[in-house]
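Structure file data04.cif (mmCIF, C-alpha atoms and all ligand atoms) follows.
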data_run
loop_
_atom_site.label_atom_id
_atom_site.label_comp_id
_atom_site.auth_asym_id
_atom_site.auth_seq_id
_atom_site.Cartn_x
_atom_site.Cartn_y
_atom_site.Cartn_z
CA MET A 1 -4.32 -1.61 -74.97
CA THR A 2 -5.76 -1.49 -78.44
CA GLU A 3 -8.11 -4.49 -78.17
CA ARG A 4 -10.34 -2.82 -75.64
CA THR A 5 -10.32 0.23 -77.82
CA ARG A 6 -11.52 -1.57 -80.90
CA SER A 7 -14.54 -2.89 -79.00
CA ARG A 8 -15.87 0.67 -78.72
CA GLY A 9 -16.94 2.67 -81.71
CA SER A 10 -14.37 5.28 -82.62
CA SER A 11 -16.89 8.11 -82.95
CA GLU A 12 -18.39 7.24 -79.57
CA VAL A 13 -15.01 7.45 -77.84
CA ARG A 14 -14.02 10.55 -79.76
CA LEU A 15 -17.00 12.36 -78.21
CA ALA A 16 -14.51 12.97 -75.39
CA ALA A 17 -12.79 15.38 -77.79
CA SER A 18 -15.67 16.63 -79.92
CA GLY A 19 -17.78 17.52 -76.88
CA ALA A 20 -15.01 19.57 -75.28
CA ARG A 21 -15.85 23.18 -74.56
CA ARG A 22 -12.68 24.36 -72.87
CA ILE A 23 -9.49 23.20 -74.56
CA VAL A 24 -5.81 23.67 -73.71
CA VAL A 25 -3.63 23.45 -76.83
CA LYS A 26 0.08 22.89 -76.25
CA ILE A 27 2.49 23.66 -79.07
CA GLY A 28 6.07 22.53 -78.75
CA SER A 29 9.14 24.41 -79.97
CA GLY A 30 9.76 21.54 -82.40
CA VAL A 31 6.44 22.24 -84.12
CA LEU A 32 6.69 26.01 -84.16
CA THR A 33 10.35 26.35 -85.09
CA ASP A 34 12.90 24.54 -87.20
CA GLY A 35 16.47 24.94 -85.97
CA GLY A 36 15.43 28.16 -84.24
CA GLU A 37 13.71 29.48 -87.37
CA LEU A 38 10.00 30.16 -87.04
CA ARG A 39 7.69 28.11 -89.25
CA PRO A 40 5.34 30.94 -90.15
CA ARG A 41 2.84 28.73 -91.97
CA VAL A 42 2.40 26.44 -88.95
CA LEU A 43 1.82 29.38 -86.61
CA ALA A 44 -0.61 31.02 -89.02
CA SER A 45 -2.53 27.79 -89.47
CA ILE A 46 -2.82 27.10 -85.74
CA ALA A 47 -3.94 30.68 -85.08
CA ARG A 48 -6.61 30.32 -87.78
CA GLN A 49 -7.87 27.03 -86.36
CA VAL A 50 -7.89 28.36 -82.79
CA ALA A 51 -9.94 31.36 -83.88
CA ALA A 52 -12.36 29.08 -85.77
CA LEU A 53 -12.84 26.93 -82.67
CA CYS A 54 -13.50 30.08 -80.61
CA ASP A 55 -16.09 31.09 -83.20
CA GLU A 56 -17.79 27.72 -82.58
CA GLY A 57 -18.17 28.73 -78.94
CA ARG A 58 -15.19 26.84 -77.55
CA GLU A 59 -12.69 28.42 -75.20
CA ILE A 60 -9.04 27.90 -76.03
CA VAL A 61 -5.91 28.41 -73.95
CA LEU A 62 -2.65 28.20 -75.89
CA VAL A 63 0.48 26.95 -74.14
CA SER A 64 3.19 28.00 -76.56
CA SER A 65 6.87 27.12 -76.38
CA GLY A 66 9.44 28.63 -78.66
CA ALA A 67 10.74 31.62 -76.69
CA ILE A 68 14.25 30.26 -76.22
CA ALA A 69 14.52 28.97 -79.80
CA LEU A 70 13.29 32.25 -81.32
CA GLY A 71 15.39 34.38 -78.98
CA ALA A 72 18.59 32.50 -79.75
CA ARG A 73 17.97 33.03 -83.46
CA ILE A 74 17.28 36.75 -82.98
CA LEU A 75 20.53 37.05 -81.01
CA GLY A 76 22.33 35.41 -83.92
CA TRP A 77 23.40 32.31 -81.98
CA ASP A 78 23.81 28.91 -83.59
CA HIS A 79 22.93 27.22 -80.26
CA PRO A 80 19.97 27.60 -77.89
CA GLY A 81 22.09 29.12 -75.09
CA ARG A 82 24.95 27.29 -73.41
CA SER A 83 24.36 28.41 -69.84
CA ILE A 84 21.22 29.07 -67.83
CA PRO A 85 21.67 32.88 -67.98
CA GLU A 86 22.15 32.62 -71.77
CA LYS A 87 18.96 30.57 -72.09
CA GLN A 88 17.14 33.05 -69.87
CA ALA A 89 18.37 35.95 -71.99
CA ALA A 90 17.23 34.11 -75.11
CA ALA A 91 13.82 33.52 -73.51
CA ALA A 92 13.53 37.22 -72.67
CA VAL A 93 14.30 38.21 -76.25
CA GLY A 94 12.22 35.45 -77.84
CA GLN A 95 9.13 35.78 -75.65
CA ILE A 96 8.43 39.30 -76.96
CA SER A 97 8.42 38.01 -80.52
CA LEU A 98 6.44 34.92 -79.65
CA ALA A 99 3.72 36.93 -77.94
CA ASP A 100 3.69 39.44 -80.78
CA LEU A 101 3.35 36.67 -83.38
CA TRP A 102 0.35 35.21 -81.61
CA ARG A 103 -1.13 38.69 -81.13
CA ARG A 104 -0.86 39.47 -84.83
CA HIS A 105 -2.01 36.11 -86.13
CA LEU A 106 -4.96 35.72 -83.76
CA GLY A 107 -5.80 39.37 -84.38
CA ARG A 108 -6.18 38.66 -88.09
CA HIS A 109 -9.11 36.43 -87.18
CA GLY A 110 -10.62 38.90 -84.76
CA ARG A 111 -9.23 37.34 -81.58
CA THR A 112 -7.34 39.13 -78.84
CA ALA A 113 -4.32 37.39 -77.31
CA GLY A 114 -3.41 37.77 -73.62
CA GLN A 115 0.07 36.81 -72.46
CA VAL A 116 0.27 34.82 -69.21
CA LEU A 117 3.73 33.92 -67.93
CA VAL A 118 3.85 31.60 -64.94
CA THR A 119 6.44 29.85 -62.79
CA ARG A 120 6.25 26.55 -60.99
CA THR A 121 6.93 28.13 -57.59
CA GLY A 122 4.26 30.73 -58.25
CA LEU A 123 1.63 28.09 -58.91
CA GLU A 124 2.75 26.01 -55.92
CA ASP A 125 1.34 28.82 -53.85
CA ARG A 126 -2.41 28.26 -53.54
CA GLU A 127 -3.26 31.95 -53.48
CA ARG A 128 -1.28 32.72 -56.63
CA PHE A 129 -2.67 29.61 -58.29
CA LEU A 130 -6.17 30.92 -57.63
CA ASN A 131 -5.15 34.37 -58.85
CA ALA A 132 -3.84 32.92 -62.10
CA ARG A 133 -7.11 30.99 -62.42
CA ARG A 134 -9.16 34.15 -62.03
CA THR A 135 -7.08 35.96 -64.65
CA LEU A 136 -7.39 33.10 -67.14
CA GLN A 137 -11.11 32.80 -66.54
CA MET A 138 -11.53 36.52 -67.04
CA LEU A 139 -9.59 36.39 -70.32
CA LEU A 140 -11.73 33.49 -71.54
CA GLY A 141 -14.87 35.28 -70.45
CA LEU A 142 -13.76 38.26 -72.55
CA GLY A 143 -13.39 36.05 -75.60
CA ALA A 144 -9.59 36.44 -75.59
CA VAL A 145 -7.09 33.66 -76.13
CA PRO A 146 -4.62 33.32 -73.23
CA VAL A 147 -1.12 32.49 -74.50
CA VAL A 148 0.76 30.82 -71.66
CA ASN A 149 4.45 30.08 -71.28
CA GLU A 150 6.82 29.55 -68.40
CA ASN A 151 8.53 32.73 -67.25
CA ASP A 152 11.94 31.32 -68.08
CA THR A 153 13.77 34.49 -67.08
CA VAL A 154 13.20 34.09 -63.34
CA ALA A 155 13.23 30.32 -62.88
CA THR A 156 16.44 28.37 -62.37
CA GLU A 157 16.76 24.75 -63.44
CA GLU A 158 15.62 23.16 -60.16
CA ILE A 159 12.49 25.21 -59.82
CA ARG A 160 11.35 25.12 -63.44
CA PHE A 161 8.51 23.20 -64.97
CA GLY A 162 11.24 22.68 -67.55
CA ASP A 163 8.96 21.41 -70.23
CA ASN A 164 5.69 22.85 -71.37
CA ASP A 165 4.04 19.40 -71.34
CA ASN A 166 3.95 19.55 -67.55
CA LEU A 167 2.95 23.18 -67.64
CA SER A 168 0.05 22.44 -69.98
CA ALA A 169 -1.31 19.80 -67.56
CA THR A 170 -1.20 22.36 -64.74
CA VAL A 171 -3.06 24.79 -66.99
CA VAL A 172 -5.74 22.12 -67.56
CA ASN A 173 -6.38 22.12 -63.82
CA LEU A 174 -6.12 25.91 -63.61
CA VAL A 175 -8.93 26.47 -66.08
CA GLY A 176 -10.86 23.21 -65.56
CA ALA A 177 -10.40 22.26 -69.22
CA ASP A 178 -12.07 19.15 -70.59
CA LEU A 179 -9.50 18.51 -73.32
CA LEU A 180 -5.74 18.88 -73.67
CA VAL A 181 -4.34 18.76 -77.20
CA ILE A 182 -0.58 18.28 -77.39
CA LEU A 183 0.67 19.23 -80.83
CA THR A 184 3.94 17.49 -81.50
CA ASP A 185 6.06 16.40 -84.46
CA VAL A 186 4.91 12.76 -84.50
CA GLU A 187 1.48 11.26 -85.21
CA GLY A 188 0.85 10.20 -81.61
CA LEU A 189 1.80 7.27 -79.40
CA TYR A 190 3.02 4.17 -81.22
CA GLU A 191 2.56 0.63 -79.96
CA ARG A 192 6.34 0.38 -79.59
CA PRO A 193 8.99 3.07 -79.55
CA PRO A 194 9.88 3.70 -83.21
CA VAL A 195 13.38 2.68 -84.29
CA THR A 196 15.20 4.66 -86.99
CA GLY A 197 15.45 2.69 -90.23
CA GLU A 198 12.63 0.29 -89.31
CA PRO A 199 8.97 0.55 -90.37
CA MET A 200 6.85 2.65 -88.01
CA PRO A 201 4.90 0.53 -85.49
CA PRO A 202 1.07 0.91 -85.51
CA LEU A 203 -0.31 4.04 -83.93
CA VAL A 204 -2.36 3.62 -80.75
CA GLY A 205 -5.78 5.16 -81.45
CA VAL A 206 -7.22 5.30 -77.96
CA VAL A 207 -5.80 4.71 -74.50
CA GLU A 208 -8.55 4.07 -71.97
CA ARG A 209 -6.15 4.21 -69.06
CA ILE A 210 -2.43 4.91 -68.80
CA THR A 211 -0.72 1.79 -67.48
CA ALA A 212 2.85 0.50 -67.25
CA GLU A 213 2.26 -0.93 -70.74
CA THR A 214 1.43 2.52 -72.10
CA ARG A 215 4.56 3.95 -70.51
CA ALA A 216 6.62 1.18 -72.07
CA ALA A 217 5.20 2.13 -75.48
CA ALA A 218 6.48 5.66 -74.84
CA GLY A 219 9.86 4.04 -74.45
CA GLY A 220 11.52 6.18 -71.78
CA SER A 221 13.40 9.31 -72.58
CA ALA A 222 15.64 7.54 -75.10
CA SER A 223 12.92 7.72 -77.72
CA ALA A 224 12.12 11.30 -76.80
CA PHE A 225 10.74 13.53 -79.51
CA GLY A 226 11.11 17.22 -78.93
CA ARG A 227 12.30 18.62 -75.67
CA GLY A 228 9.94 16.95 -73.24
CA GLY A 229 9.72 13.62 -75.10
CA MET A 230 6.84 11.15 -75.17
CA VAL A 231 7.36 10.37 -71.48
CA THR A 232 6.55 13.89 -70.28
CA LYS A 233 3.60 13.94 -72.69
CA LEU A 234 2.20 10.85 -70.98
CA GLU A 235 2.86 12.41 -67.58
CA ALA A 236 0.90 15.44 -68.71
CA ALA A 237 -1.90 13.19 -69.99
CA THR A 238 -1.96 11.30 -66.67
CA SER A 239 -2.31 14.51 -64.72
CA ALA A 240 -4.94 15.83 -67.16
CA ALA A 241 -6.87 12.56 -66.85
CA ARG A 242 -7.03 12.95 -63.06
CA GLY A 243 -8.28 16.47 -63.66
CA GLY A 244 -11.14 14.98 -65.68
CA ALA A 245 -9.76 15.96 -69.10
CA SER A 246 -8.97 13.79 -72.10
CA THR A 247 -5.77 14.32 -74.03
CA VAL A 248 -5.07 14.04 -77.73
CA LEU A 249 -1.43 13.64 -78.78
CA CYS A 250 -1.16 14.48 -82.44
CA ASN A 251 0.93 15.88 -85.24
CA GLY A 252 0.91 19.67 -85.30
CA TYR A 253 1.84 19.73 -88.99
CA ARG A 254 -1.25 17.89 -90.14
CA GLN A 255 -3.61 20.10 -92.03
CA ASN A 256 -6.45 21.37 -89.87
CA VAL A 257 -5.41 19.03 -87.11
CA LEU A 258 -7.16 21.01 -84.38
CA ARG A 259 -10.38 21.18 -86.38
CA HIS A 260 -10.22 17.41 -86.88
CA VAL A 261 -9.57 16.72 -83.20
CA ALA A 262 -12.44 18.97 -82.18
CA ALA A 263 -14.72 17.32 -84.74
CA GLY A 264 -14.01 13.95 -83.12
CA ASP A 265 -12.09 12.58 -86.11
CA PRO A 266 -9.73 9.71 -85.35
CA VAL A 267 -6.43 11.62 -85.47
CA GLY A 268 -3.48 10.98 -83.16
CA THR A 269 -3.84 9.16 -79.86
CA LEU A 270 -6.77 9.93 -77.60
CA ILE A 271 -6.21 9.31 -73.88
CA LEU A 272 -9.45 9.15 -71.95
CA PRO A 273 -10.02 10.86 -68.59
CA GLY A 274 -9.83 8.91 -65.36
CA ASN A 275 -11.56 9.31 -62.02
CA ARG A 276 -11.61 13.03 -61.48
CA LEU A 277 -9.91 14.44 -58.41
CA GLY A 278 -11.43 17.70 -57.21
CA SER A 279 -9.43 20.72 -58.39
CA ARG A 280 -7.92 21.41 -54.95
CA LYS A 281 -6.89 17.78 -54.49
CA HIS A 282 -5.46 17.79 -58.00
CA TRP A 283 -3.40 20.85 -57.13
CA LEU A 284 -2.24 19.13 -53.92
CA ALA A 285 -1.20 15.97 -55.77
CA TYR A 286 0.38 17.47 -58.88
CA THR A 287 1.29 21.11 -58.34
CA ALA A 288 1.82 21.90 -54.66
CA LYS A 289 5.20 21.34 -53.08
CA PRO A 290 5.10 20.00 -49.51
CA ARG A 291 6.63 22.44 -47.03
CA GLY A 292 7.26 19.78 -44.42
CA ARG A 293 6.40 16.26 -43.38
CA ILE A 294 4.76 14.52 -40.52
CA GLN A 295 5.33 10.92 -39.61
CA LEU A 296 2.32 8.82 -38.62
CA ASP A 297 2.20 5.67 -36.53
CA ALA A 298 0.90 2.45 -38.08
CA GLY A 299 -2.59 2.90 -36.59
CA ALA A 300 -2.93 6.38 -38.10
CA VAL A 301 -1.76 5.12 -41.51
CA ARG A 302 -4.51 2.46 -41.39
CA ALA A 303 -7.14 4.96 -40.25
CA VAL A 304 -6.23 7.46 -42.97
CA CYS A 305 -5.48 5.09 -45.85
CA GLU A 306 -7.90 2.23 -45.24
CA ARG A 307 -10.76 3.83 -43.40
CA GLY A 308 -10.73 7.27 -45.04
CA ARG A 309 -10.40 9.09 -41.72
CA SER A 310 -8.91 12.47 -40.95
CA LEU A 311 -5.50 12.63 -39.33
CA LEU A 312 -5.70 13.29 -35.59
CA PRO A 313 -2.83 14.49 -33.38
CA ALA A 314 -2.72 11.14 -31.54
CA GLY A 315 -1.36 9.42 -34.65
CA VAL A 316 1.51 11.86 -35.28
CA VAL A 317 4.95 10.81 -34.06
CA ARG A 318 7.29 13.35 -35.69
CA VAL A 319 7.15 16.73 -37.40
CA GLU A 320 9.76 18.01 -39.84
CA GLY A 321 10.10 21.32 -41.63
CA ARG A 322 8.59 24.73 -41.02
CA PHE A 323 5.10 25.13 -42.27
CA GLY A 324 2.08 27.16 -41.31
CA LEU A 325 -1.66 26.68 -41.22
CA GLY A 326 -2.96 25.72 -44.68
CA ASP A 327 0.44 24.73 -46.09
CA PRO A 328 0.80 21.49 -48.07
CA ILE A 329 2.57 18.75 -46.15
CA SER A 330 3.60 15.21 -46.79
CA CYS A 331 2.37 12.40 -44.51
CA VAL A 332 4.74 9.46 -44.21
CA GLY A 333 4.29 6.07 -42.55
CA PRO A 334 6.63 4.49 -39.98
CA ASP A 335 8.83 3.26 -42.90
CA GLY A 336 9.22 6.82 -44.24
CA LEU A 337 7.14 6.11 -47.36
CA GLU A 338 4.79 8.94 -48.32
CA VAL A 339 1.21 7.74 -47.94
CA ALA A 340 -0.70 11.00 -48.34
CA ARG A 341 -0.41 14.68 -48.97
CA GLY A 342 -2.58 17.19 -47.19
CA LEU A 343 -3.10 20.73 -46.01
CA ALA A 344 -2.02 21.34 -42.42
CA ALA A 345 -4.68 22.59 -40.04
CA TYR A 346 -1.95 23.67 -37.58
CA SER A 347 1.59 25.02 -37.92
CA ALA A 348 4.59 22.72 -37.59
CA ALA A 349 5.40 24.16 -34.15
CA ASP A 350 1.84 23.56 -32.92
CA ILE A 351 1.67 20.01 -34.31
CA ASP A 352 4.96 19.30 -32.60
CA ARG A 353 3.37 20.31 -29.28
CA ILE A 354 0.14 18.31 -29.70
CA LYS A 355 1.57 15.19 -31.40
CA GLY A 356 0.63 11.94 -29.66
CA GLN A 357 -2.15 13.71 -27.73
CA LYS A 358 -5.90 13.19 -27.70
CA ALA A 359 -7.85 15.82 -29.63
CA GLN A 360 -9.43 17.14 -26.41
CA ARG A 361 -5.97 18.25 -25.29
CA ILE A 362 -5.51 20.63 -28.25
CA GLU A 363 -7.30 23.61 -26.73
CA PRO A 364 -5.76 23.38 -23.23
CA MET A 365 -2.29 22.90 -24.69
CA LEU A 366 -2.34 25.55 -27.42
CA GLY A 367 -4.89 27.96 -25.99
CA PHE A 368 -6.95 27.67 -29.19
CA SER A 369 -8.30 25.01 -31.50
CA ASN A 370 -8.71 24.82 -35.28
CA GLY A 371 -10.64 21.58 -34.87
CA ASP A 372 -9.74 18.03 -33.87
CA GLU A 373 -7.87 17.21 -37.06
CA VAL A 374 -4.25 17.87 -37.89
CA VAL A 375 -5.21 17.27 -41.52
CA HIS A 376 -8.88 16.98 -42.42
CA ARG A 377 -9.84 14.13 -44.78
CA ASP A 378 -11.28 16.67 -47.24
CA ASP A 379 -7.79 18.17 -47.46
CA LEU A 380 -6.01 14.83 -47.93
CA VAL A 381 -4.97 13.00 -51.09
CA LEU A 382 -3.97 9.39 -50.57
CA LEU A 383 -1.00 8.22 -52.60
CA GLU A 384 -0.07 4.92 -54.20
CA ASP A 385 3.42 3.49 -53.62
CA ASP A 386 4.59 5.14 -56.85
CA GLY A 387 3.44 8.55 -55.56
CA SER A 388 0.42 8.87 -57.88
CA PRO A 389 -2.88 9.87 -56.27
CA ARG A 390 -5.19 6.98 -55.48
CA GLU A 391 -8.31 6.39 -57.53
N1 LIG B 1 9.45 27.63 -72.12
C1 LIG B 1 10.36 27.17 -73.14
C2 LIG B 1 10.38 28.15 -74.34
O1 LIG B 1 9.43 28.86 -74.55
C3 LIG B 1 9.94 25.83 -73.71
C4 LIG B 1 9.90 24.64 -72.85
C5 LIG B 1 9.55 23.42 -73.72
O2 LIG B 1 10.06 23.32 -74.83
O3 LIG B 1 8.76 22.56 -73.31
O4 LIG B 1 11.33 28.16 -75.06
#

As structure tokens - that is how I would like this structure written.
Ligand code: GLU
Amino acid sequence: MTERTRSRGSSEVRLAASGARRIVVKIGSGVLTDGGELRPRVLASIARQVAALCDEGREIVLVSSGAIALGARILGWDHPGRSIPEKQAAAAVGQISLADLWRRHLGRHGRTAGQVLVTRTGLEDRERFLNARRTLQMLLGLGAVPVVNENDTVATEEIRFGDNDNLSATVVNLVGADLLVILTDVEGLYERPPVTGEPMPPLVGVVERITAETRAAAGGSASAFGRGGMVTKLEAATSAARGGASTVLCNGYRQNVLRHVAAGDPVGTLILPGNRLGSRKHWLAYTAKPRGRIQLDAGAVRAVCERGRSLLPAGVVRVEGRFGLGDPISCVGPDGLEVARGLAAYSAADIDRIKGQKAQRIEPMLGFSNGDEVVHRDDLVLLEDDGSPRE
């Protein structure tokens, strides 16, 4: 992992960060607060650095956690909320302060903050995803700094992003950012999970590609730092990489850390971008939730996965779920394994009627045709066995 890195000049690789124009900066609760208490100096310093980067002509979106922690403190609790409604109440109370803090601190440097609260289910909907994109783009165009958080008050546990690492990766795709900076309370990714009482393992400077070895270095959730842990940070970096963005994992307490990252200095761990999926395919693979599934026969799996073809009705053997035209659906092989995700060109009821049929039969059977394909290849993302989108 590190050998390949050393063969390339550090400044050359760090161009991935220094050349970035649109940057998503994620700040965890652990960086911004200490036992629920705000760290005012950290917030002030990040606001100052963000404003300075904006002055350089970069566009910054902040993904800020801390609502629940701040809210619990304001409510006088010594815990972050013991039930979901308590946490949601804490988020409601804390989010007002959080937004106000960013407003005041960015304002001191002449920058306007715009609060954007999103939910996972909201962004799973393509239309709302595009709406959120337009709003964020408008804010950036106006020179404002969007401050994004999950709308914790309306989301229950199962439908939450849950951690802002994942949310920040979705925001990367929303705004087409070229860099994601995750500010955390450790220096970056270590070669091995650190063990308390033992010397810290060497820091990984650059990851060219996230592999099983990289995930092992993150050490599973047991070595988690902060709420999301190193594992969710790598998940976020993986998703960002497929969106064409690099990620820097670094210590949010370091002086001028954002300025250093943006200058291409070797701070933290830089994870380089991978083969970029188009934005819509990225949304399909990482954000959308399939509304149903269709089972393909072996021939259709080969045609779609090996020959890059569209999915035709002849190859469909079963339809499950209720979905409409344009909804995301999961395509599974005869063994039930998901092989692709795509946007349906027909509703579930219509696919059920035309399954197994030749494309010429669509019009006579349904009385209309949206084309020969049940899912067009341009609307398909092929998946690896582990569910990640194929290169
Ligand atoms: N949205 C949560 C909050 O503002 C934070 C989630 C996280 O820590 O990643 O408190």

Subject >> Selection within 10 Å of ligand LIG 1 (chain B) by all atoms listed in the file, output as a ChimeraX atom specification >> reply: /A:26-30,63-72,80,87-88,90-92,94-95,98,117-118,148-153,160-168,226-229,232

**OP:** Please measure the separation of atom CA of Leu15 of chain A and atom CA of Thr170 of chain A, giving the value in Å to one decimal.
**Re:** 23.0 Å

Subject >> Selected residue, from A:Arg209, A:Gly308, A:Arg280, A:Ile351, that lies nearest to Gln295 of chain A when counting only C-alpha atoms >> reply: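 Using only C-alpha atoms, the shortest distance to Gln295 of chain A belongs to A:Ile351.
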
Original post:
In Å, with one decimal, what is the gap from atom CA of Leu38 of chain A to atom CA of Arg254 of chain A?
Top reply: 16.9 Å

Original post:
From the list A:Pro328, A:Gly81, A:Pro193, A:Gly143, which residue is nearest Asp55 of chain A when using only C-alpha atoms?
Top reply: A:Gly143

Original post:
Within 12 Å of Phe323 of chain A, counting only C-alpha atoms, which residues qualify if same-chain residues fewer than 2 places away don't, as a VMD selection string?
Top reply: chain A and resid 289 to 294 319 to 321 325 to 330 343 to 352

Selection from above, C-alpha atoms, as a short mmCIF file (atom, residue, chain, number, x, y, z; two decimals), in the coordinates of the input, can you write it?
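Listing of out38.cif after writing:
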data_model
loop_
_atom_site.label_atom_id
_atom_site.label_comp_id
_atom_site.auth_asym_id
_atom_site.auth_seq_id
_atom_site.Cartn_x
_atom_site.Cartn_y
_atom_site.Cartn_z
CA LYS A 289 5.20 21.34 -53.08
CA PRO A 290 5.10 20.00 -49.51
CA ARG A 291 6.63 22.44 -47.03
CA GLY A 292 7.26 19.78 -44.42
CA ARG A 293 6.40 16.26 -43.38
CA ILE A 294 4.76 14.52 -40.52
CA VAL A 319 7.15 16.73 -37.40
CA GLU A 320 9.76 18.01 -39.84
CA GLY A 321 10.10 21.32 -41.63
CA LEU A 325 -1.66 26.68 -41.22
CA GLY A 326 -2.96 25.72 -44.68
CA ASP A 327 0.44 24.73 -46.09
CA PRO A 328 0.80 21.49 -48.07
CA ILE A 329 2.57 18.75 -46.15
CA SER A 330 3.60 15.21 -46.79
CA LEU A 343 -3.10 20.73 -46.01
CA ALA A 344 -2.02 21.34 -42.42
CA ALA A 345 -4.68 22.59 -40.04
CA TYR A 346 -1.95 23.67 -37.58
CA SER A 347 1.59 25.02 -37.92
CA ALA A 348 4.59 22.72 -37.59
CA ALA A 349 5.40 24.16 -34.15
CA ASP A 350 1.84 23.56 -32.92
CA ILE A 351 1.67 20.01 -34.31
CA ASP A 352 4.96 19.30 -32.60
#

Kindly list the centre and edge lengths in Å, rounded to one decimal, for the axis-aligned box that covers all listed atoms of segment 214-219 of chain A plus 6 Å on each of its six sides, as JSON.
{"center_x": 5.6, "center_y": 3.4, "center_z": -73.0, "size_x": 20.4, "size_y": 16.5, "size_z": 17.0}

Original post:
Distance atom CA of Gly324 of chain A-atom CA of Glu384 of chain A, one decimal place?
Top reply: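 Value for the atom CA of Gly324 of chain A-atom CA of Glu384 of chain A distance: 25.8 Å.
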
**OP:** Skip Leu249 of chain A itself and residues of its chain fewer than 3 positions away, then list as a VMD selection string all residues within 12 Å of it, counting all atoms listed in the file.
**Re:** chain A and resid 17 25 to 28 165 179 to 190 203 to 207 218 229 to 234 236 to 237 246 252 257 to 258 261 266 to 272

Subject >> Minimum-distance residue to His109 of chain A, chosen among A:Lys358, A:Arg48, A:Arg341, A:His260 (using only C-alpha atoms) >> reply: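 Once distances to His109 of chain A are computed over only C-alpha atoms, the minimum belongs to A:Arg48.
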
**OP:** Name the residues in contact with Glu373 of chain A at a cut-off of 8 Å, using only C-alpha atoms, excluding same-chain residues fewer than 5 positions from it; report them as a list in words.
**Re:** Ser310, Leu311, Leu312, Pro313, Ala345 and Ala359 of chain A

Show me, as a PDB file with C-alpha atoms, in the coordinates of the input, the residues that have an atom within 10 Å of Ser11 of chain A when counting all atoms listed in the file, minus same-chain residues fewer than 5 positions from it.
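And here is the file that came out, part27.pdb:
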ATOM      1  CA  ALA A  16     -14.510  12.970 -75.390  1.00  0.00           C
ATOM      2  CA  ALA A  17     -12.790  15.380 -77.790  1.00  0.00           C
ATOM      3  CA  SER A  18     -15.670  16.630 -79.920  1.00  0.00           C
ATOM      4  CA  ALA A 263     -14.720  17.320 -84.740  1.00  0.00           C
ATOM      5  CA  GLY A 264     -14.010  13.950 -83.120  1.00  0.00           C
ATOM      6  CA  ASP A 265     -12.090  12.580 -86.110  1.00  0.00           C
ATOM      7  CA  PRO A 266      -9.730   9.710 -85.350  1.00  0.00           C
TER       8      PRO A 266
END
